[in-house]
file model_26.json (JSON, C-alpha atoms and all ligand atoms)
[["chain", "number", "residue", "atom", "x", "y", "z"],
["A", 374, "MET", "CA", -32.33, 32.85, -39.68],
["A", 375, "ALA", "CA", -32.81, 36.62, -39.60],
["A", 376, "VAL", "CA", -29.98, 38.73, -40.97],
["A", 377, "ARG", "CA", -28.24, 40.60, -38.15],
["A", 378, "ILE", "CA", -27.72, 44.20, -39.12],
["A", 379, "ALA", "CA", -25.92, 46.87, -37.07],
["A", 380, "VAL", "CA", -25.62, 50.59, -37.62],
["A", 381, "TYR", "CA", -22.37, 52.26, -36.56],
["A", 382, "PRO", "CA", -23.23, 55.97, -36.39],
["A", 383, "GLY", "CA", -20.80, 58.85, -35.94],
["A", 384, "SER", "CA", -19.37, 62.04, -37.34],
["A", 385, "PHE", "CA", -16.29, 60.32, -38.82],
["A", 386, "ASP", "CA", -14.63, 63.70, -39.35],
["A", 387, "PRO", "CA", -12.39, 61.96, -40.37],
["A", 388, "ILE", "CA", -12.32, 58.16, -39.87],
["A", 389, "THR", "CA", -9.40, 57.12, -37.62],
["A", 390, "ASN", "CA", -7.70, 53.79, -36.94],
["A", 391, "GLY", "CA", -9.83, 53.61, -33.78],
["A", 392, "HIS", "CA", -13.04, 53.73, -35.83],
["A", 393, "LEU", "CA", -11.56, 51.25, -38.29],
["A", 394, "ASP", "CA", -10.82, 48.80, -35.49],
["A", 395, "ILE", "CA", -14.42, 49.04, -34.25],
["A", 396, "VAL", "CA", -15.75, 48.41, -37.79],
["A", 397, "ARG", "CA", -13.42, 45.44, -38.22],
["A", 398, "ARG", "CA", -14.69, 43.83, -35.03],
["A", 399, "ALA", "CA", -18.37, 44.68, -35.64],
["A", 400, "ALA", "CA", -18.12, 43.13, -39.11],
["A", 401, "VAL", "CA", -17.27, 39.80, -37.48],
["A", 402, "LEU", "CA", -20.21, 39.96, -35.08],
["A", 403, "PHE", "CA", -22.90, 41.06, -37.55],
["A", 404, "ASP", "CA", -23.98, 39.93, -41.00],
["A", 405, "GLU", "CA", -24.07, 43.52, -42.19],
["A", 406, "VAL", "CA", -22.68, 46.75, -40.72],
["A", 407, "ILE", "CA", -23.86, 50.14, -41.96],
["A", 408, "VAL", "CA", -21.37, 52.89, -41.16],
["A", 409, "ALA", "CA", -23.66, 55.90, -41.12],
["A", 410, "VAL", "CA", -22.42, 59.49, -41.07],
["A", 411, "SER", "CA", -24.71, 61.50, -38.86],
["A", 412, "LEU", "CA", -25.34, 64.98, -40.23],
["A", 413, "ASN", "CA", -26.87, 66.50, -37.13],
["A", 414, "ALA", "CA", -24.01, 65.41, -34.88],
["A", 415, "SER", "CA", -21.38, 67.06, -37.04],
["A", 416, "LYS", "CA", -20.22, 70.07, -35.13],
["A", 417, "ASN", "CA", -18.80, 72.38, -37.78],
["A", 418, "PRO", "CA", -16.96, 69.55, -39.55],
["A", 419, "LEU", "CA", -13.58, 69.94, -41.25],
["A", 420, "PHE", "CA", -14.52, 67.55, -44.04],
["A", 421, "SER", "CA", -17.69, 67.89, -46.08],
["A", 422, "LEU", "CA", -20.15, 65.01, -46.09],
["A", 423, "GLU", "CA", -18.93, 64.01, -49.56],
["A", 424, "GLU", "CA", -15.30, 63.98, -48.41],
["A", 425, "ARG", "CA", -16.11, 61.92, -45.31],
["A", 426, "LEU", "CA", -18.09, 59.41, -47.36],
["A", 427, "MET", "CA", -15.30, 59.19, -49.92],
["A", 428, "LEU", "CA", -12.70, 58.48, -47.21],
["A", 429, "LEU", "CA", -14.94, 55.90, -45.55],
["A", 430, "ASP", "CA", -15.55, 54.25, -48.89],
["A", 431, "HIS", "CA", -11.84, 54.10, -49.62],
["A", 432, "VAL", "CA", -10.84, 52.82, -46.17],
["A", 433, "LEU", "CA", -13.65, 50.29, -45.81],
["A", 434, "SER", "CA", -13.88, 48.96, -49.37],
["A", 435, "ALA", "CA", -12.20, 45.67, -48.42],
["A", 436, "PHE", "CA", -15.07, 44.70, -46.10],
["A", 437, "SER", "CA", -17.71, 42.84, -48.10],
["A", 438, "ASN", "CA", -20.40, 43.19, -45.40],
["A", 439, "VAL", "CA", -19.88, 46.89, -44.61],
["A", 440, "ARG", "CA", -21.93, 49.63, -46.28],
["A", 441, "ILE", "CA", -21.53, 53.40, -46.05],
["A", 442, "ASP", "CA", -24.41, 55.83, -45.76],
["A", 443, "SER", "CA", -25.43, 59.14, -44.21],
["A", 444, "TYR", "CA", -28.54, 60.27, -42.41],
["A", 445, "ASP", "CA", -30.25, 63.19, -40.78],
["A", 446, "GLY", "CA", -32.44, 62.85, -37.71],
["A", 447, "LEU", "CA", -32.72, 60.19, -35.04],
["A", 448, "THR", "CA", -30.29, 57.26, -35.17],
["A", 449, "VAL", "CA", -32.96, 54.83, -33.92],
["A", 450, "ARG", "CA", -35.33, 55.85, -36.71],
["A", 451, "TYR", "CA", -32.55, 55.29, -39.24],
["A", 452, "ALA", "CA", -31.80, 51.89, -37.67],
["A", 453, "GLU", "CA", -35.49, 50.87, -37.76],
["A", 454, "THR", "CA", -35.89, 51.95, -41.37],
["A", 455, "HIS", "CA", -32.89, 49.84, -42.36],
["A", 456, "GLY", "CA", -33.95, 46.73, -40.43],
["A", 457, "ALA", "CA", -31.07, 46.96, -37.94],
["A", 458, "GLN", "CA", -31.26, 45.27, -34.54],
["A", 459, "ALA", "CA", -28.28, 47.05, -33.04],
["A", 460, "ILE", "CA", -26.40, 50.34, -32.81],
["A", 461, "ILE", "CA", -22.64, 50.02, -32.37],
["A", 462, "ARG", "CA", -20.67, 52.51, -30.29],
["A", 463, "GLY", "CA", -17.02, 52.50, -29.27],
["A", 464, "LEU", "CA", -15.83, 53.21, -25.75],
["A", 465, "ARG", "CA", -12.38, 54.63, -25.18],
["A", 466, "ALA", "CA", -12.29, 55.74, -21.59],
["A", 467, "VAL", "CA", -14.49, 56.45, -18.61],
["A", 468, "SER", "CA", -14.99, 59.93, -20.03],
["A", 469, "ASP", "CA", -16.96, 58.45, -22.97],
["A", 470, "PHE", "CA", -19.21, 56.53, -20.62],
["A", 471, "GLU", "CA", -21.54, 59.19, -19.26],
["A", 472, "PHE", "CA", -22.58, 60.54, -22.64],
["A", 473, "GLU", "CA", -22.89, 57.07, -24.16],
["A", 474, "PHE", "CA", -24.90, 55.79, -21.19],
["A", 475, "THR", "CA", -27.44, 58.63, -21.48],
["A", 476, "MET", "CA", -27.63, 58.19, -25.24],
["A", 477, "ALA", "CA", -28.12, 54.42, -25.03],
["A", 478, "LEU", "CA", -30.90, 54.74, -22.45],
["A", 479, "THR", "CA", -32.63, 57.46, -24.47],
["A", 480, "ASN", "CA", -32.44, 55.32, -27.58],
["A", 481, "LYS", "CA", -33.80, 52.33, -25.64],
["A", 482, "LYS", "CA", -36.78, 54.42, -24.58],
["A", 483, "LEU", "CA", -37.39, 55.59, -28.15],
["A", 484, "ALA", "CA", -36.92, 52.16, -29.72],
["A", 485, "PRO", "CA", -36.99, 49.29, -27.17],
["A", 486, "ALA", "CA", -36.25, 46.62, -29.78],
["A", 487, "ILE", "CA", -32.89, 48.14, -30.74],
["A", 488, "GLU", "CA", -29.87, 47.30, -28.59],
["A", 489, "THR", "CA", -26.81, 49.50, -28.25],
["A", 490, "VAL", "CA", -23.71, 47.32, -28.41],
["A", 491, "PHE", "CA", -20.52, 48.82, -26.96],
["A", 492, "LEU", "CA", -17.17, 47.66, -28.18],
["A", 493, "MET", "CA", -14.22, 48.55, -25.99],
["A", 494, "THR", "CA", -11.35, 50.12, -27.87],
["A", 495, "GLU", "CA", -8.08, 48.23, -28.31],
["A", 496, "VAL", "CA", -5.60, 49.83, -25.95],
["A", 497, "GLN", "CA", -3.36, 51.12, -28.76],
["A", 498, "TYR", "CA", -6.25, 53.18, -30.16],
["A", 499, "SER", "CA", -7.66, 54.39, -26.85],
["A", 500, "PHE", "CA", -6.12, 57.86, -27.10],
["A", 501, "ILE", "CA", -7.19, 58.49, -30.71],
["A", 502, "SER", "CA", -10.03, 60.87, -31.50],
["A", 503, "SER", "CA", -10.91, 62.72, -34.69],
["A", 504, "SER", "CA", -10.57, 66.05, -32.89],
["A", 505, "THR", "CA", -7.05, 65.33, -31.59],
["A", 506, "ILE", "CA", -6.01, 64.12, -35.04],
["A", 507, "LYS", "CA", -7.24, 67.39, -36.60],
["A", 508, "GLU", "CA", -5.44, 69.45, -33.97],
["A", 509, "VAL", "CA", -2.14, 67.62, -34.56],
["A", 510, "ALA", "CA", -2.45, 67.74, -38.38],
["A", 511, "ARG", "CA", -3.42, 71.42, -38.32],
["A", 512, "TYR", "CA", -0.09, 72.33, -36.74],
["A", 513, "GLY", "CA", 1.90, 70.08, -39.03],
["A", 514, "GLY", "CA", 2.33, 67.15, -36.62],
["A", 515, "CYS", "CA", 2.63, 63.56, -37.83],
["A", 516, "VAL", "CA", -0.55, 61.45, -37.58],
["A", 517, "LYS", "CA", 0.96, 58.31, -39.11],
["A", 518, "GLY", "CA", -0.37, 55.14, -37.49],
["A", 519, "MET", "CA", -3.37, 56.99, -36.05],
["A", 520, "VAL", "CA", -5.33, 57.28, -39.29],
["A", 521, "PRO", "CA", -5.32, 55.31, -42.56],
["A", 522, "PRO", "CA", -2.82, 56.64, -45.16],
["A", 523, "SER", "CA", -5.57, 58.12, -47.38],
["A", 524, "VAL", "CA", -6.84, 60.16, -44.42],
["A", 525, "GLU", "CA", -3.30, 61.31, -43.66],
["A", 526, "ASP", "CA", -3.02, 62.58, -47.25],
["A", 527, "MET", "CA", -6.40, 64.30, -47.17],
["A", 528, "LEU", "CA", -5.55, 66.04, -43.89],
["A", 529, "SER", "CA", -2.36, 67.53, -45.26],
["A", 530, "ILE", "CA", -4.10, 68.62, -48.47],
["A", 531, "LYS", "CA", -6.94, 70.16, -46.47],
["A", 532, "TYR", "CA", -4.74, 72.12, -44.09],
["A", 533, "ARG", "CA", -2.46, 73.29, -46.91],
["A", 534, "SER", "CA", -5.50, 74.60, -48.81],
["A", 535, "LEU", "CA", -6.79, 76.37, -45.70],
["A", 536, "LYS", "CA", -3.53, 78.24, -45.12],
["B", 1, "LIG", "P1", -19.69, 61.12, -32.52],
["B", 1, "LIG", "O1", -19.67, 62.57, -32.87],
["B", 1, "LIG", "O2", -21.04, 60.47, -32.74],
["B", 1, "LIG", "O3", -19.08, 60.76, -31.18],
["B", 1, "LIG", "P2", -17.30, 60.03, -33.71],
["B", 1, "LIG", "O4", -17.02, 59.91, -35.16],
["B", 1, "LIG", "O5", -16.41, 60.93, -32.90],
["B", 1, "LIG", "O6", -18.81, 60.45, -33.65],
["B", 1, "LIG", "O7", -17.29, 58.60, -33.02],
["B", 1, "LIG", "C1", -18.17, 57.59, -33.42],
["B", 1, "LIG", "C2", -18.08, 56.42, -32.44],
["B", 1, "LIG", "O8", -16.78, 55.85, -32.49],
["B", 1, "LIG", "C3", -18.30, 56.79, -30.97],
["B", 1, "LIG", "O9", -18.98, 55.73, -30.32],
["B", 1, "LIG", "C4", -16.89, 56.91, -30.42],
["B", 1, "LIG", "O10", -16.85, 56.66, -29.04],
["B", 1, "LIG", "C5", -16.21, 55.82, -31.20],
["B", 1, "LIG", "N1", -14.77, 56.05, -31.29],
["B", 1, "LIG", "C6", -14.13, 57.17, -31.69],
["B", 1, "LIG", "N2", -12.79, 57.02, -31.63],
["B", 1, "LIG", "C7", -12.57, 55.75, -31.16],
["B", 1, "LIG", "C8", -11.38, 55.00, -30.83],
["B", 1, "LIG", "N3", -10.17, 55.52, -30.96],
["B", 1, "LIG", "N4", -11.56, 53.73, -30.38],
["B", 1, "LIG", "C9", -12.81, 53.22, -30.23],
["B", 1, "LIG", "N5", -13.95, 53.88, -30.49],
["B", 1, "LIG", "C10", -13.84, 55.14, -30.95]]

call {"tool": "encode", "arguments": {"input": "model_26.json", "output": "structure tokens"}}
result
Amino acid sequence: MAVRIAVYPGSFDPITNGHLDIVRRAAVLFDEVIVAVSLNASKNPLFSLEERLMLLDHVLSAFSNVRIDSYDGLTVRYAETHGAQAIIRGLRAVSDFEFEFTMALTNKKLAPAIETVFLMTEVQYSFISSSTIKEVARYGGCVKGMVPPSVEDMLSIKYRSLK
């Protein structure tokens, strides 16, 4: 039987417990999940690519069928090159839907063989986004329970060094 491979693309600036939950569930559904940091999507990121990859590596090291990578360019081209049949995206609220819907249909047009698979967030993670986390951490707020401990540490180091 063919190996089922999925790409989970995103900025991951930084990885949150919401992302982690999506990876955990995708890893059950697919033989292999590639968590791929998209370079073009990163809108003036707080963490460098190396830092984001390092955090992902640390947080996801326990998953034997999850790999970390980065890419530039079209997600569908990356997926095709790596033999993936699916692109994973997480949905938090209705507000995510419009953008994701447009993106999924565009990707379908570009690469009809690749399916976008949406995983609905667990309710306890539905309010978590990388941008909110950064905003809270920047002003010294506590992000415990919203991000893995290593990310919490990196956020406080980062904002201390930026002061
Ligand atoms: P992008 O810039 O591509 O949106 P992100 O790193 O912000 O990258 O998000 C990557 C994917 O993870 C997106 O599909 C996003 O909707 C999803 N996601 C982000 N936060 C959560 C969360 N708390 N629960 C479920 N999915 C999430």

call {"tool": "residues_near_ligand", "arguments": {"input": "model_26.json", "ligand": "ligand LIG 1 (chain B)", "cutoff": "9 Å", "atoms": "all atoms listed in the file", "output": "JSON, numbers by chain"}}
result
{"A": [381, 382, 383, 384, 385, 386, 387, 388, 389, 390, 391, 392, 393, 394, 395, 410, 411, 414, 415, 416, 461, 462, 463, 464, 465, 466, 469, 470, 473, 491, 492, 493, 494, 495, 496, 497, 498, 499, 500, 501, 502, 503, 504, 519]}

call {"tool": "atom_distance", "arguments": {"input": "model_26.json", "atom1": "CA of Thr479 in chain A", "atom2": "CA of Tyr444 in chain A"}}
result
18.6 Å

call {"tool": "residues_around", "arguments": {"input": "model_26.json", "residues": "Val376 in chain A", "least_positions_apart": "3", "cutoff": "10 Å", "atoms": "all atoms listed in the file", "output": "list of chain:residue names"}}
result
A:Ala379, A:Phe403, A:Asp404, A:Glu405, A:Gly456, A:Ala457, A:Gln458

call {"tool": "write_last_selection", "arguments": {"input": "model_26.json", "atoms": "C-alpha atoms", "output": "JSON list (two decimals), in the frame of the given file"}}
result
[["chain", "number", "residue", "atom", "x", "y", "z"],
["A", 379, "ALA", "CA", -25.92, 46.87, -37.07],
["A", 403, "PHE", "CA", -22.90, 41.06, -37.55],
["A", 404, "ASP", "CA", -23.98, 39.93, -41.00],
["A", 405, "GLU", "CA", -24.07, 43.52, -42.19],
["A", 456, "GLY", "CA", -33.95, 46.73, -40.43],
["A", 457, "ALA", "CA", -31.07, 46.96, -37.94],
["A", 458, "GLN", "CA", -31.26, 45.27, -34.54]]

call {"tool": "atom_distance", "arguments": {"input": "model_26.json", "atom1": "CA of Arg511 in chain A", "atom2": "CA of Tyr532 in chain A"}}
result
6.0 Å

call {"tool": "closest_residue", "arguments": {"input": "model_26.json", "among": "A:Ile378, A:Val439, A:Leu412, A:Leu426", "to": "Thr454 in chain A", "atoms": "all atoms listed in the file"}}
result
A:Ile378

call {"tool": "decode", "arguments": {"input": "model_26.json", "residues": "range 408-424 of chain A", "atoms": "all heavy atoms", "output": "PDB file, in the first residue's frame"}}
result
ATOM      1  N   VAL A 408       6.237  18.709   8.838  1.00  0.00           N
ATOM      2  CA  VAL A 408       5.908  20.059   9.309  1.00  0.00           C
ATOM      3  C   VAL A 408       6.878  20.990   8.596  1.00  0.00           C
ATOM      4  O   VAL A 408       8.097  20.928   8.813  1.00  0.00           O
ATOM      5  CB  VAL A 408       6.042  20.153  10.850  1.00  0.00           C
ATOM      6  CG1 VAL A 408       5.763  21.572  11.328  1.00  0.00           C
ATOM      7  CG2 VAL A 408       5.088  19.163  11.519  1.00  0.00           C
ATOM      8  N   ALA A 409       6.334  21.809   7.702  1.00  0.00           N
ATOM      9  CA  ALA A 409       7.200  22.597   6.817  1.00  0.00           C
ATOM     10  C   ALA A 409       7.026  24.093   7.066  1.00  0.00           C
ATOM     11  O   ALA A 409       5.928  24.638   6.911  1.00  0.00           O
ATOM     12  CB  ALA A 409       6.869  22.253   5.369  1.00  0.00           C
ATOM     13  N   VAL A 410       8.109  24.727   7.461  1.00  0.00           N
ATOM     14  CA  VAL A 410       8.084  26.177   7.708  1.00  0.00           C
ATOM     15  C   VAL A 410       8.141  26.888   6.365  1.00  0.00           C
ATOM     16  O   VAL A 410       9.088  26.713   5.590  1.00  0.00           O
ATOM     17  CB  VAL A 410       9.270  26.613   8.594  1.00  0.00           C
ATOM     18  CG1 VAL A 410       9.223  28.124   8.832  1.00  0.00           C
ATOM     19  CG2 VAL A 410       9.272  25.859   9.913  1.00  0.00           C
ATOM     20  N   SER A 411       7.104  27.681   6.123  1.00  0.00           N
ATOM     21  CA  SER A 411       7.034  28.402   4.867  1.00  0.00           C
ATOM     22  C   SER A 411       7.765  29.740   5.006  1.00  0.00           C
ATOM     23  O   SER A 411       7.458  30.541   5.888  1.00  0.00           O
ATOM     24  CB  SER A 411       5.561  28.610   4.524  1.00  0.00           C
ATOM     25  OG  SER A 411       5.425  29.703   3.681  1.00  0.00           O
ATOM     26  N   LEU A 412       8.712  29.963   4.136  1.00  0.00           N
ATOM     27  CA  LEU A 412       9.514  31.195   4.228  1.00  0.00           C
ATOM     28  C   LEU A 412       8.773  32.395   3.668  1.00  0.00           C
ATOM     29  O   LEU A 412       8.846  33.484   4.220  1.00  0.00           O
ATOM     30  CB  LEU A 412      10.841  31.010   3.497  1.00  0.00           C
ATOM     31  CG  LEU A 412      11.788  30.053   4.193  1.00  0.00           C
ATOM     32  CD1 LEU A 412      13.008  29.790   3.340  1.00  0.00           C
ATOM     33  CD2 LEU A 412      12.201  30.606   5.547  1.00  0.00           C
ATOM     34  N   ASN A 413       8.039  32.185   2.589  1.00  0.00           N
ATOM     35  CA  ASN A 413       7.353  33.329   1.983  1.00  0.00           C
ATOM     36  C   ASN A 413       6.192  33.846   2.821  1.00  0.00           C
ATOM     37  O   ASN A 413       5.867  35.027   2.760  1.00  0.00           O
ATOM     38  CB  ASN A 413       6.886  33.018   0.551  1.00  0.00           C
ATOM     39  CG  ASN A 413       6.384  31.604   0.404  1.00  0.00           C
ATOM     40  OD1 ASN A 413       6.789  30.718   1.148  1.00  0.00           O
ATOM     41  ND2 ASN A 413       5.492  31.386  -0.526  1.00  0.00           N
ATOM     42  N   ALA A 414       5.573  32.948   3.619  1.00  0.00           N
ATOM     43  CA  ALA A 414       4.430  33.374   4.422  1.00  0.00           C
ATOM     44  C   ALA A 414       4.852  34.172   5.656  1.00  0.00           C
ATOM     45  O   ALA A 414       4.040  34.856   6.252  1.00  0.00           O
ATOM     46  CB  ALA A 414       3.622  32.160   4.855  1.00  0.00           C
ATOM     47  N   SER A 415       6.115  34.052   6.021  1.00  0.00           N
ATOM     48  CA  SER A 415       6.536  34.671   7.278  1.00  0.00           C
ATOM     49  C   SER A 415       6.596  36.191   7.136  1.00  0.00           C
ATOM     50  O   SER A 415       7.425  36.729   6.424  1.00  0.00           O
ATOM     51  CB  SER A 415       7.872  34.112   7.732  1.00  0.00           C
ATOM     52  OG  SER A 415       8.750  34.067   6.642  1.00  0.00           O
ATOM     53  N   LYS A 416       5.655  36.785   7.845  1.00  0.00           N
ATOM     54  CA  LYS A 416       5.518  38.238   7.771  1.00  0.00           C
ATOM     55  C   LYS A 416       6.367  38.852   8.874  1.00  0.00           C
ATOM     56  O   LYS A 416       5.920  38.939  10.003  1.00  0.00           O
ATOM     57  CB  LYS A 416       4.051  38.638   7.952  1.00  0.00           C
ATOM     58  CG  LYS A 416       3.057  37.627   7.391  1.00  0.00           C
ATOM     59  CD  LYS A 416       2.283  36.882   8.466  1.00  0.00           C
ATOM     60  CE  LYS A 416       1.444  35.756   7.855  1.00  0.00           C
ATOM     61  NZ  LYS A 416       0.889  34.805   8.803  1.00  0.00           N
ATOM     62  N   ASN A 417       7.570  39.253   8.525  1.00  0.00           N
ATOM     63  CA  ASN A 417       8.484  39.844   9.501  1.00  0.00           C
ATOM     64  C   ASN A 417       8.507  39.017  10.791  1.00  0.00           C
ATOM     65  O   ASN A 417       8.022  39.466  11.837  1.00  0.00           O
ATOM     66  CB  ASN A 417       8.039  41.290   9.767  1.00  0.00           C
ATOM     67  CG  ASN A 417       9.126  42.070  10.471  1.00  0.00           C
ATOM     68  OD1 ASN A 417      10.283  41.654  10.499  1.00  0.00           O
ATOM     69  ND2 ASN A 417       8.751  43.190  11.060  1.00  0.00           N
ATOM     70  N   PRO A 418       9.031  37.808  10.731  1.00  0.00           N
ATOM     71  CA  PRO A 418       8.947  36.911  11.889  1.00  0.00           C
ATOM     72  C   PRO A 418       9.784  37.359  13.096  1.00  0.00           C
ATOM     73  O   PRO A 418      10.785  38.048  12.926  1.00  0.00           O
ATOM     74  CB  PRO A 418       9.491  35.595  11.337  1.00  0.00           C
ATOM     75  CG  PRO A 418      10.367  35.975  10.208  1.00  0.00           C
ATOM     76  CD  PRO A 418       9.784  37.221   9.615  1.00  0.00           C
ATOM     77  N   LEU A 419       9.327  36.980  14.273  1.00  0.00           N
ATOM     78  CA  LEU A 419      10.097  37.258  15.494  1.00  0.00           C
ATOM     79  C   LEU A 419      11.291  36.311  15.566  1.00  0.00           C
ATOM     80  O   LEU A 419      12.401  36.714  15.865  1.00  0.00           O
ATOM     81  CB  LEU A 419       9.199  37.061  16.723  1.00  0.00           C
ATOM     82  CG  LEU A 419       9.906  37.153  18.075  1.00  0.00           C
ATOM     83  CD1 LEU A 419      10.391  38.572  18.345  1.00  0.00           C
ATOM     84  CD2 LEU A 419       8.974  36.697  19.202  1.00  0.00           C
ATOM     85  N   PHE A 420      11.035  35.042  15.275  1.00  0.00           N
ATOM     86  CA  PHE A 420      12.099  34.044  15.344  1.00  0.00           C
ATOM     87  C   PHE A 420      12.676  33.782  13.954  1.00  0.00           C
ATOM     88  O   PHE A 420      11.930  33.715  12.970  1.00  0.00           O
ATOM     89  CB  PHE A 420      11.558  32.729  15.919  1.00  0.00           C
ATOM     90  CG  PHE A 420      11.175  32.827  17.378  1.00  0.00           C
ATOM     91  CD1 PHE A 420       9.841  32.932  17.759  1.00  0.00           C
ATOM     92  CD2 PHE A 420      12.153  32.832  18.360  1.00  0.00           C
ATOM     93  CE1 PHE A 420       9.488  33.036  19.094  1.00  0.00           C
ATOM     94  CE2 PHE A 420      11.811  32.937  19.705  1.00  0.00           C
ATOM     95  CZ  PHE A 420      10.483  33.041  20.071  1.00  0.00           C
ATOM     96  N   SER A 421      13.988  33.626  13.903  1.00  0.00           N
ATOM     97  CA  SER A 421      14.639  33.313  12.623  1.00  0.00           C
ATOM     98  C   SER A 421      14.218  31.899  12.198  1.00  0.00           C
ATOM     99  O   SER A 421      13.702  31.125  13.013  1.00  0.00           O
ATOM    100  CB  SER A 421      16.169  33.358  12.787  1.00  0.00           C
ATOM    101  OG  SER A 421      16.586  32.287  13.608  1.00  0.00           O
ATOM    102  N   LEU A 422      14.479  31.585  10.958  1.00  0.00           N
ATOM    103  CA  LEU A 422      14.143  30.240  10.476  1.00  0.00           C
ATOM    104  C   LEU A 422      14.834  29.184  11.342  1.00  0.00           C
ATOM    105  O   LEU A 422      14.221  28.196  11.757  1.00  0.00           O
ATOM    106  CB  LEU A 422      14.564  30.088   9.011  1.00  0.00           C
ATOM    107  CG  LEU A 422      14.408  28.683   8.433  1.00  0.00           C
ATOM    108  CD1 LEU A 422      12.949  28.254   8.415  1.00  0.00           C
ATOM    109  CD2 LEU A 422      15.000  28.605   7.031  1.00  0.00           C
ATOM    110  N   GLU A 423      16.104  29.410  11.645  1.00  0.00           N
ATOM    111  CA  GLU A 423      16.871  28.440  12.443  1.00  0.00           C
ATOM    112  C   GLU A 423      16.235  28.255  13.819  1.00  0.00           C
ATOM    113  O   GLU A 423      16.132  27.137  14.321  1.00  0.00           O
ATOM    114  CB  GLU A 423      18.328  28.898  12.605  1.00  0.00           C
ATOM    115  CG  GLU A 423      19.163  28.832  11.349  1.00  0.00           C
ATOM    116  CD  GLU A 423      18.746  29.839  10.272  1.00  0.00           C
ATOM    117  OE1 GLU A 423      18.219  30.928  10.628  1.00  0.00           O
ATOM    118  OE2 GLU A 423      18.918  29.534   9.079  1.00  0.00           O
ATOM    119  N   GLU A 424      15.802  29.361  14.432  1.00  0.00           N
ATOM    120  CA  GLU A 424      15.182  29.274  15.760  1.00  0.00           C
ATOM    121  C   GLU A 424      13.850  28.527  15.690  1.00  0.00           C
ATOM    122  O   GLU A 424      13.544  27.701  16.559  1.00  0.00           O
ATOM    123  CB  GLU A 424      14.954  30.685  16.327  1.00  0.00           C
ATOM    124  CG  GLU A 424      16.239  31.366  16.741  1.00  0.00           C
ATOM    125  CD  GLU A 424      16.050  32.851  17.066  1.00  0.00           C
ATOM    126  OE1 GLU A 424      15.183  33.516  16.462  1.00  0.00           O
ATOM    127  OE2 GLU A 424      16.801  33.356  17.907  1.00  0.00           O
TER     128      GLU A 424
END
